[in-house]
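Data file: target-v6.tsv. Format and content: TSV, C-alpha atoms.
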```tsv
chain	number	residue	atom	x	y	z
A	1	MET	CA	-21.18	-8.67	-4.71
A	2	ASN	CA	-19.92	-11.08	-2.15
A	3	THR	CA	-21.33	-10.94	1.34
A	4	GLN	CA	-17.83	-11.48	2.70
A	5	ASP	CA	-16.47	-8.32	4.26
A	6	PRO	CA	-12.81	-7.34	4.62
A	7	SER	CA	-11.78	-7.15	8.26
A	8	VAL	CA	-10.88	-3.98	10.15
A	9	GLY	CA	-7.28	-5.23	10.16
A	10	THR	CA	-7.26	-5.25	6.35
A	11	TYR	CA	-8.48	-1.64	6.23
A	12	VAL	CA	-5.85	-0.50	8.75
A	13	PHE	CA	-3.08	-2.31	6.86
A	14	VAL	CA	-4.14	-0.87	3.47
A	15	PHE	CA	-4.34	2.62	5.00
A	16	ALA	CA	-0.82	2.27	6.45
A	17	VAL	CA	0.55	1.13	3.07
A	18	LEU	CA	-1.20	4.05	1.33
A	19	LEU	CA	0.39	6.56	3.73
A	20	LEU	CA	3.78	4.93	3.24
A	21	LEU	CA	3.44	5.15	-0.55
A	22	ALA	CA	2.39	8.81	-0.32
A	23	ALA	CA	5.53	9.57	1.75
A	24	LEU	CA	7.65	7.52	-0.67
A	25	THR	CA	6.42	9.32	-3.80
A	26	THR	CA	6.99	12.71	-2.14
A	27	GLY	CA	10.53	11.71	-1.15
A	28	ILE	CA	11.44	10.31	-4.57
A	29	ALA	CA	10.42	13.61	-6.21
A	30	TYR	CA	13.55	15.17	-4.62
A	31	ILE	CA	15.91	12.57	-6.14
A	32	ASN	CA	17.00	13.09	-9.74
A	33	LEU	CA	16.09	9.97	-11.72
A	34	GLY	CA	15.81	11.75	-15.05
A	35	PRO	CA	12.74	10.65	-17.02
A	36	PHE	CA	12.10	7.92	-14.45
A	37	ASN	CA	10.80	10.47	-11.93
A	38	THR	CA	7.58	10.64	-13.94
A	39	VAL	CA	7.44	6.85	-14.43
A	40	VAL	CA	7.95	6.11	-10.72
A	41	ALA	CA	5.45	8.79	-9.60
A	42	LEU	CA	2.75	7.44	-11.94
A	43	ALA	CA	3.54	3.81	-11.01
A	44	ILE	CA	3.13	4.60	-7.30
A	45	ALA	CA	-0.13	6.44	-8.07
A	46	ALA	CA	-1.35	3.34	-9.97
A	47	VAL	CA	-0.51	1.08	-7.00
A	48	LYS	CA	-2.37	3.44	-4.65
A	49	MET	CA	-5.36	3.47	-7.01
A	50	CYS	CA	-5.41	-0.35	-7.07
A	51	LEU	CA	-5.25	-0.55	-3.27
A	52	VAL	CA	-8.17	1.87	-2.87
A	53	GLY	CA	-10.17	0.17	-5.64
A	54	LEU	CA	-9.56	-3.43	-4.54
A	55	PHE	CA	-9.96	-3.04	-0.79
A	56	PHE	CA	-11.79	0.21	0.09
A	57	MET	CA	-14.12	-0.13	-2.92
A	58	HIS	CA	-14.38	-3.94	-2.44
A	59	LEU	CA	-13.46	-4.90	-6.02
A	60	TRP	CA	-11.35	-7.73	-4.60
A	61	TYR	CA	-14.47	-9.23	-2.98
A	62	SER	CA	-16.99	-8.45	-5.71
A	63	ARG	CA	-18.30	-10.56	-8.54
A	64	GLY	CA	-17.80	-9.76	-12.23
A	65	LEU	CA	-20.28	-6.94	-12.82
A	66	ALA	CA	-18.42	-4.08	-11.12
A	67	ARG	CA	-15.09	-5.30	-12.51
A	68	ILE	CA	-16.48	-5.28	-16.06
A	69	VAL	CA	-17.64	-1.67	-15.63
A	70	VAL	CA	-14.18	-0.66	-14.36
A	71	LEU	CA	-12.45	-2.42	-17.29
A	72	ALA	CA	-14.89	-0.79	-19.75
A	73	GLY	CA	-14.08	2.60	-18.20
A	74	PHE	CA	-10.34	2.03	-18.65
A	75	PHE	CA	-10.89	0.76	-22.21
A	76	TRP	CA	-12.65	4.00	-23.23
A	77	LEU	CA	-10.01	6.01	-21.38
A	78	ALA	CA	-7.29	4.25	-23.39
A	79	LEU	CA	-9.14	4.94	-26.66
A	80	MET	CA	-9.59	8.60	-25.78
A	81	VAL	CA	-6.00	9.23	-24.74
A	82	SER	CA	-4.31	7.18	-27.48
A	83	PHE	CA	-6.40	8.54	-30.38
A	84	THR	CA	-6.04	12.12	-29.15
A	85	LEU	CA	-2.27	11.82	-28.75
A	86	ALA	CA	-1.96	10.01	-32.12
A	87	ASP	CA	-3.68	13.00	-33.73
A	88	VAL	CA	-1.70	15.72	-31.96
A	89	PHE	CA	1.75	14.17	-32.35
A	90	SER	CA	1.36	13.07	-35.99
A	91	ARG	CA	0.20	16.46	-37.28
A	92	SER	CA	3.70	17.53	-38.29
A	93	TRP	CA	4.32	14.35	-40.29
A	94	ILE	CA	2.35	15.45	-43.35
A	95	LYS	CA	2.46	18.98	-44.72
A	96	PRO	CA	-0.99	20.26	-45.63
A	97	PRO	CA	-1.39	20.93	-49.40
A	98	GLY	CA	-1.99	24.45	-50.59
A	99	PRO	CA	-0.19	27.65	-51.48
B	1	MET	CA	-50.79	0.57	-0.71
B	2	SER	CA	-50.55	-1.52	-3.86
B	3	GLU	CA	-46.83	-1.99	-3.20
B	4	SER	CA	-47.37	-3.52	0.20
B	5	ALA	CA	-50.17	-5.69	-1.18
B	6	ALA	CA	-47.88	-6.95	-3.95
B	7	GLY	CA	-45.12	-7.48	-1.39
B	8	SER	CA	-47.29	-9.56	0.89
B	9	SER	CA	-48.65	-11.62	-1.98
B	10	LEU	CA	-45.09	-12.30	-3.17
B	11	ALA	CA	-44.18	-13.31	0.35
B	12	GLY	CA	-47.20	-15.59	0.35
B	13	THR	CA	-46.29	-17.34	-2.90
B	14	SER	CA	-42.57	-17.78	-2.22
B	15	GLY	CA	-42.92	-18.40	1.46
B	16	ARG	CA	-40.21	-15.81	2.32
B	17	SER	CA	-40.58	-12.78	4.54
B	18	VAL	CA	-40.24	-9.53	2.57
B	19	SER	CA	-38.19	-6.73	4.07
B	20	PRO	CA	-39.89	-3.30	4.18
B	21	ALA	CA	-36.66	-1.87	2.67
B	22	LEU	CA	-37.08	-3.98	-0.48
B	23	HIS	CA	-38.39	-2.12	-3.53
B	24	HIS	CA	-41.05	-4.10	-5.40
B	25	GLN	CA	-39.07	-4.44	-8.66
B	26	PHE	CA	-36.34	-6.54	-7.02
B	27	GLU	CA	-36.35	-10.23	-6.22
B	28	ASP	CA	-34.52	-9.89	-2.91
B	29	ILE	CA	-32.44	-7.40	-0.92
B	30	GLU	CA	-29.15	-8.73	-2.27
B	31	GLN	CA	-30.27	-8.15	-5.87
B	32	GLN	CA	-31.38	-4.64	-4.92
B	33	ARG	CA	-27.99	-3.97	-3.39
B	34	GLU	CA	-26.13	-5.28	-6.45
B	35	ALA	CA	-28.23	-3.07	-8.73
B	36	GLY	CA	-27.45	-0.03	-6.56
B	37	ASN	CA	-23.72	-0.72	-6.66
B	38	PHE	CA	-23.81	-1.40	-10.41
B	39	GLY	CA	-25.52	1.96	-11.00
B	40	MET	CA	-22.86	3.80	-9.00
B	41	TRP	CA	-20.03	2.00	-10.82
B	42	VAL	CA	-21.48	2.97	-14.21
B	43	PHE	CA	-21.74	6.57	-13.02
B	44	LEU	CA	-18.12	6.46	-11.81
B	45	ALA	CA	-17.01	5.15	-15.24
B	46	THR	CA	-18.58	8.24	-16.85
B	47	GLU	CA	-16.95	10.43	-14.18
B	48	MET	CA	-13.60	8.87	-15.02
B	49	LEU	CA	-14.01	9.83	-18.69
B	50	PHE	CA	-15.16	13.31	-17.63
B	51	PHE	CA	-11.94	13.83	-15.66
B	52	SER	CA	-9.73	12.20	-18.28
B	53	GLY	CA	-10.62	14.99	-20.73
B	54	VAL	CA	-8.61	17.37	-18.54
B	55	PHE	CA	-5.91	14.76	-17.96
B	56	THR	CA	-5.49	14.28	-21.73
B	57	GLY	CA	-5.21	18.06	-22.19
B	58	TYR	CA	-2.61	18.12	-19.43
B	59	ILE	CA	-0.51	15.39	-21.15
B	60	ILE	CA	-0.54	17.25	-24.48
B	61	TYR	CA	0.35	20.70	-23.11
B	62	ARG	CA	2.93	19.31	-20.71
B	63	SER	CA	4.73	17.66	-23.64
B	64	LEU	CA	4.51	20.87	-25.70
B	65	TYR	CA	5.57	23.35	-22.96
B	66	TYR	CA	7.62	21.30	-20.52
B	67	SER	CA	9.67	24.23	-19.11
B	68	GLY	CA	6.53	26.18	-18.22
B	69	PHE	CA	4.97	23.14	-16.53
B	70	ALA	CA	8.17	22.44	-14.55
B	71	ALA	CA	8.35	26.06	-13.38
B	72	GLY	CA	4.65	25.99	-12.51
B	73	SER	CA	5.09	22.80	-10.49
B	74	HIS	CA	7.82	24.54	-8.43
B	75	VAL	CA	5.51	27.36	-7.27
B	76	LEU	CA	3.13	24.84	-5.66
B	77	GLU	CA	3.67	23.89	-2.00
B	78	VAL	CA	4.72	20.23	-1.79
B	79	ASP	CA	4.41	20.09	2.03
B	80	LEU	CA	0.82	21.26	1.84
B	81	GLY	CA	0.11	18.90	-1.08
B	82	ALA	CA	1.54	15.92	0.82
B	83	ALA	CA	-0.46	16.86	3.93
B	84	MET	CA	-3.63	17.11	1.80
B	85	THR	CA	-2.88	13.65	0.36
B	86	ALA	CA	-2.52	12.19	3.88
B	87	VAL	CA	-5.77	13.83	5.03
B	88	LEU	CA	-7.68	12.53	2.00
B	89	LEU	CA	-6.27	9.00	2.40
B	90	ALA	CA	-7.31	9.12	6.06
B	91	SER	CA	-10.82	10.19	5.01
B	92	SER	CA	-10.99	7.22	2.62
B	93	PHE	CA	-10.02	4.93	5.52
B	94	THR	CA	-12.73	6.39	7.80
B	95	MET	CA	-15.22	6.07	4.90
B	96	ALA	CA	-14.36	2.39	4.48
B	97	MET	CA	-14.82	1.97	8.23
B	98	ALA	CA	-18.19	3.77	8.04
B	99	VAL	CA	-19.41	1.26	5.42
B	100	HIS	CA	-18.07	-1.54	7.62
B	101	ALA	CA	-20.00	-0.13	10.62
B	102	ALA	CA	-23.17	0.21	8.51
B	103	ARG	CA	-22.88	-3.41	7.42
B	104	GLN	CA	-22.56	-4.46	11.05
B	105	GLY	CA	-25.61	-2.34	11.90
B	106	ASN	CA	-23.56	-0.37	14.44
B	107	ARG	CA	-25.26	3.04	14.43
B	108	ALA	CA	-22.91	4.82	16.88
B	109	MET	CA	-19.80	3.65	15.02
B	110	LEU	CA	-21.39	4.60	11.69
B	111	LEU	CA	-22.18	8.11	12.90
B	112	GLY	CA	-18.67	8.48	14.32
B	113	PHE	CA	-16.91	7.43	11.13
B	114	LEU	CA	-19.26	9.42	8.88
B	115	SER	CA	-18.59	12.60	10.86
B	116	SER	CA	-14.81	11.96	10.89
B	117	THR	CA	-14.92	11.57	7.10
B	118	ILE	CA	-16.85	14.85	6.77
B	119	ILE	CA	-14.39	16.65	9.09
B	120	LEU	CA	-11.36	15.32	7.17
B	121	GLY	CA	-13.02	16.36	3.89
B	122	ILE	CA	-13.57	19.89	5.21
B	123	ALA	CA	-9.95	19.97	6.46
B	124	PHE	CA	-8.81	19.05	2.95
B	125	LEU	CA	-10.86	21.86	1.41
B	126	GLY	CA	-9.52	24.30	4.02
B	127	MET	CA	-5.94	23.45	3.04
B	128	LYS	CA	-6.86	23.67	-0.66
B	129	PHE	CA	-8.32	27.15	-0.28
B	130	THR	CA	-5.33	28.22	1.84
B	131	GLU	CA	-3.15	27.35	-1.13
B	132	TYR	CA	-5.47	29.23	-3.52
B	133	PHE	CA	-5.16	32.23	-1.18
B	134	HIS	CA	-1.33	31.99	-1.28
B	135	LYS	CA	-1.39	31.83	-5.07
B	136	TRP	CA	-3.51	34.98	-5.17
B	137	HIS	CA	-0.92	36.76	-3.01
B	138	GLU	CA	1.91	35.52	-5.21
B	139	GLN	CA	-0.09	36.90	-8.16
B	140	LEU	CA	-0.30	33.52	-9.88
B	141	VAL	CA	-4.00	33.39	-10.74
B	142	PRO	CA	-4.42	33.30	-14.54
B	143	GLY	CA	-6.74	35.90	-16.01
B	144	LEU	CA	-7.53	37.66	-12.74
B	145	ASN	CA	-4.17	38.36	-11.14
B	146	PHE	CA	-1.19	36.99	-13.04
B	147	HIS	CA	2.02	38.98	-12.48
B	148	PRO	CA	4.57	36.35	-11.37
B	149	ALA	CA	7.98	37.26	-9.96
B	150	VAL	CA	10.80	36.73	-12.48
B	151	ASP	CA	12.47	33.95	-10.46
B	152	ALA	CA	9.16	32.07	-10.25
B	153	LEU	CA	9.26	31.68	-14.04
B	154	ARG	CA	12.68	29.94	-14.03
B	155	GLY	CA	13.35	31.19	-17.53
B	156	ALA	CA	10.18	29.70	-18.99
B	157	PRO	CA	7.92	31.88	-21.18
B	158	GLU	CA	5.36	33.58	-18.94
B	159	HIS	CA	2.29	32.37	-20.87
B	160	THR	CA	3.35	28.70	-20.53
B	161	VAL	CA	3.50	29.04	-16.72
B	162	GLU	CA	0.09	30.73	-16.93
B	163	LEU	CA	-1.19	27.70	-18.88
B	164	PHE	CA	0.08	25.37	-16.13
B	165	MET	CA	-1.70	27.48	-13.51
B	166	CYS	CA	-4.91	27.24	-15.61
B	167	PHE	CA	-4.61	23.44	-15.44
B	168	TYR	CA	-3.82	23.63	-11.71
B	169	PHE	CA	-6.89	25.70	-10.87
B	170	PHE	CA	-9.18	23.83	-13.25
B	171	MET	CA	-8.16	20.31	-12.14
B	172	THR	CA	-8.05	21.03	-8.41
B	173	GLY	CA	-11.21	23.18	-8.67
B	174	LEU	CA	-13.11	20.36	-10.38
B	175	HIS	CA	-11.81	17.98	-7.70
B	176	ALA	CA	-12.82	20.41	-4.92
B	177	LEU	CA	-16.32	20.65	-6.43
B	178	HIS	CA	-16.59	16.86	-6.24
B	179	MET	CA	-15.40	16.98	-2.62
B	180	ILE	CA	-18.12	19.53	-1.77
B	181	ILE	CA	-20.76	17.27	-3.39
B	182	GLY	CA	-19.32	14.27	-1.50
B	183	ILE	CA	-19.45	16.12	1.84
B	184	GLY	CA	-23.11	17.01	1.13
B	185	LEU	CA	-23.85	13.37	0.31
B	186	LEU	CA	-22.22	12.17	3.54
B	187	GLY	CA	-24.16	14.82	5.46
B	188	VAL	CA	-27.39	13.29	4.12
B	189	MET	CA	-26.13	9.82	5.11
B	190	ALA	CA	-25.34	11.06	8.64
B	191	ILE	CA	-28.90	12.44	8.96
B	192	LEU	CA	-30.34	9.13	7.71
B	193	ALA	CA	-28.15	7.21	10.16
B	194	TRP	CA	-29.17	9.55	12.99
B	195	ARG	CA	-32.83	8.86	12.22
B	196	GLY	CA	-32.13	5.14	12.23
B	197	LYS	CA	-32.85	4.68	8.49
B	198	ILE	CA	-29.63	2.72	7.90
B	199	SER	CA	-29.69	-0.92	8.97
B	200	ALA	CA	-27.41	-3.93	8.55
B	201	GLU	CA	-29.84	-5.14	5.90
B	202	HIS	CA	-30.37	-1.81	4.12
B	203	TYR	CA	-27.08	0.08	4.07
B	204	ASN	CA	-26.62	0.34	0.30
B	205	ARG	CA	-26.95	4.15	0.30
B	206	VAL	CA	-23.92	4.43	2.58
B	207	GLU	CA	-22.06	1.90	0.43
B	208	VAL	CA	-22.59	3.80	-2.87
B	209	SER	CA	-21.72	7.13	-1.19
B	210	GLY	CA	-18.50	5.44	-0.09
B	211	LEU	CA	-17.74	4.34	-3.67
B	212	TYR	CA	-18.14	7.96	-4.80
B	213	TRP	CA	-15.89	9.22	-1.99
B	214	HIS	CA	-13.13	6.71	-2.80
B	215	PHE	CA	-13.35	7.67	-6.49
B	216	VAL	CA	-12.73	11.34	-5.63
B	217	ASP	CA	-9.77	10.18	-3.50
B	218	ILE	CA	-8.33	8.30	-6.52
B	219	ILE	CA	-8.55	11.46	-8.66
B	220	TRP	CA	-6.42	13.27	-6.06
B	221	ILE	CA	-3.97	10.32	-5.96
B	222	TYR	CA	-3.20	11.24	-9.60
B	223	LEU	CA	-3.43	15.03	-9.24
B	224	PHE	CA	-0.82	15.13	-6.48
B	225	PRO	CA	2.11	13.72	-8.53
B	226	LEU	CA	0.98	15.33	-11.80
B	227	LEU	CA	0.77	18.85	-10.37
B	228	TYR	CA	3.16	18.94	-7.40
B	229	LEU	CA	5.82	16.29	-7.92
B	230	ILE	CA	6.94	15.63	-11.49
B	231	GLY	CA	8.28	19.08	-12.38
B	232	GLY	CA	11.82	18.24	-11.20
B	233	ARG	CA	11.91	19.03	-7.48
B	234	TYR	CA	15.53	17.89	-7.15
B	235	LYS	CA	18.65	20.10	-7.62
```
Let me see the file written as structure tokens.
Amino acid sequence: MNTQDPSVGTYVFVFAVLLLLAALTTGIAYINLGPFNTVVALAIAAVKMCLVGLFFMHLWYSRGLARIVVLAGFFWLALMVSFTLADVFSRSWIKPPGP
Amino acid sequence: MSESAAGSSLAGTSGRSVSPALHHQFEDIEQQREAGNFGMWVFLATEMLFFSGVFTGYIIYRSLYYSGFAAGSHVLEVDLGAAMTAVLLASSFTMAMAVHAARQGNRAMLLGFLSSTIILGIAFLGMKFTEYFHKWHEQLVPGLNFHPAVDALRGAPEHTVELFMCFYFFMTGLHALHMIIGIGLLGVMAILAWRGKISAEHYNRVEVSGLYWHFVDIIWIYLFPLLYLIGGRYK
């Protein structure tokens, strides 16, 4: 971890952007974008997560160790979600043998 | 006794002064701090996988029973959800400021920001339980009291809306449990700060509590759109 500390101004700015994004995602939910409503809502959530992770949790200022743990966490998350969905949504492809 | 003896002998050999906050297995205070943060990050990675079990279940059932999940999303109160999001984001900001104050060794500022974080956390839980109370009155609690009004179902099969409400209570309940643990943790930090046990050199306990608090905030950042927003609010 770096000894450098983000300034109070950085925290205030990140907090303001987070509030703005929360208002934005709530507003967009009332506009019909078809399937893109889900995409936009999850994209905004991802941006908010990155802001909290990078600045409030200091990942931006940290050395490799914490970042590797975060990437490992996301790697296992991707494995879990993709293998589970691959199972569930491919079940109807092959009919089970039997009477 | 042996610890302090080992500490002073180390100080003697390396010619450095050894902080009383330094545990004997670490080379210096910075290494101790890095190890503390690393431990919390590993724990948070396991927490992430713990939560993603429910998220994966949510993805599967939402794709199978979309109409029930859309109807379920409509019975939740968006205004309250948005207010809860704002309160939790504010608590994350005050938490970041508390860590900042601890790093500066500013005890009064640390105590102030820790207590604001605790108050905002309790406000969040108050709003959460208000919503639970409303759902009980609307008879939307699966298993215990589930007799929804016909227009609340929006033409979806009743059991699919019940499934959505199961996810709602389970996901937000799990999140609320983490909030309660976090508030307890911050309470301990406030007591330590009050007793003067947190210093500019030894503030790692506040820092790792902050990491945990921000993690719980991130879980809510995803719960808010998944439960309240993406069921088609427009029309």
Taking a cut-off of 6 Å and counting all atoms listed in the file, can you build a table that, for each residue of chain A near chain B, reports the nearest atom pair and how far apart they are in Å (one decimal), sorted by chain then residue number, as CSV?
```
residue,atom,partner,partner_atom,distance
A:Ala29,CA,B:Leu229,CA,5.6
A:Tyr30,CA,B:Tyr234,CA,4.2
A:Ile31,CA,B:Tyr234,CA,5.4
A:Asn32,CA,B:Tyr234,CA,5.6
A:Thr38,CA,B:Ile230,CA,5.6
A:Ala45,CA,B:Ile221,CA,5.9
A:Met49,CA,B:Ile218,CA,5.7
A:Phe56,CA,B:Ala96,CA,5.5
A:Met57,CA,B:Leu211,CA,5.8
A:Gly73,CA,B:Ala45,CA,4.9
A:Val81,CA,B:Thr56,CA,5.9
```
Report as AutoDock Vina command-line options the centre and the edge lengths, in Å to one decimal, of the axis-aligned box holding every listed atom of stretch 125-130 of chain B, padded by 3 Å on each side.
```
--center_x -8.1 --center_y 25.0 --center_z 1.7 --size_x 11.5 --size_y 12.4 --size_z 10.7
```
Query raised in the report: Just how far from atom CA of A:Leu42 is atom CA of A:Pro6, in Å to one decimal?
Result: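 Computed distance, atom CA of A:Pro6 to atom CA of A:Leu42, equals 27.1 Å.
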Identify, on the basis of only C-alpha atoms, every residue whose closest approach to B:Glu138 does not exceed 10 Å; exclude the query and any residue fewer than 6 positions from it along the same chain; express the result as a PDB file with C-alpha atoms, keeping the file's coordinate frame.
```
ATOM      1  CA  VAL B  75       5.510  27.360  -7.270  1.00  0.00           C
ATOM      2  CA  TYR B 132      -5.470  29.230  -3.520  1.00  0.00           C
ATOM      3  CA  ASN B 145      -4.170  38.360 -11.140  1.00  0.00           C
ATOM      4  CA  PHE B 146      -1.190  36.990 -13.040  1.00  0.00           C
ATOM      5  CA  HIS B 147       2.020  38.980 -12.480  1.00  0.00           C
ATOM      6  CA  PRO B 148       4.570  36.350 -11.370  1.00  0.00           C
ATOM      7  CA  ALA B 149       7.980  37.260  -9.960  1.00  0.00           C
ATOM      8  CA  ALA B 152       9.160  32.070 -10.250  1.00  0.00           C
TER       9      ALA B 152
END
```
Query raised in the report: What is the atom CA of B:Asn204-atom CA of B:Leu111 distance in Å, reported with one decimal?
Result: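 Answer for the atom CA of B:Asn204 to atom CA of B:Leu111 separation: 15.5 Å.
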Requested in this report: Could you check how far atom CA of B:Met127 sits from atom CA of A:Phe55, in Å to one decimal?
Outcome: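 Atom CA of A:Phe55 lies at a distance of 27.1 Å from atom CA of B:Met127.
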Query - Selection near A:Ile44, 7 Å with only C-alpha atoms, sequence-local residues under 4 positions removed, as a ChimeraX atom specification - result: /A:21,25,40,48
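With distances taken over all atoms listed in the file, A:Leu51 is the one residue among A:Ala86, A:Leu33, A:Leu51, A:Val39 lying closest to A:Leu19.
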Query raised in the report: Which residue, B:Arg154, B:Glu131, B:Leu163, B:Gln32, has the smallest gap to B:Ser19 when you use only C-alpha atoms?
Result: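 Closest to B:Ser19 of all the choices is B:Gln32.
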Query - Nearest-residue call for A:Met80, choices B:Val150, B:Ile29, B:Ile180, B:Val54, using only C-alpha atoms - result: B:Val54
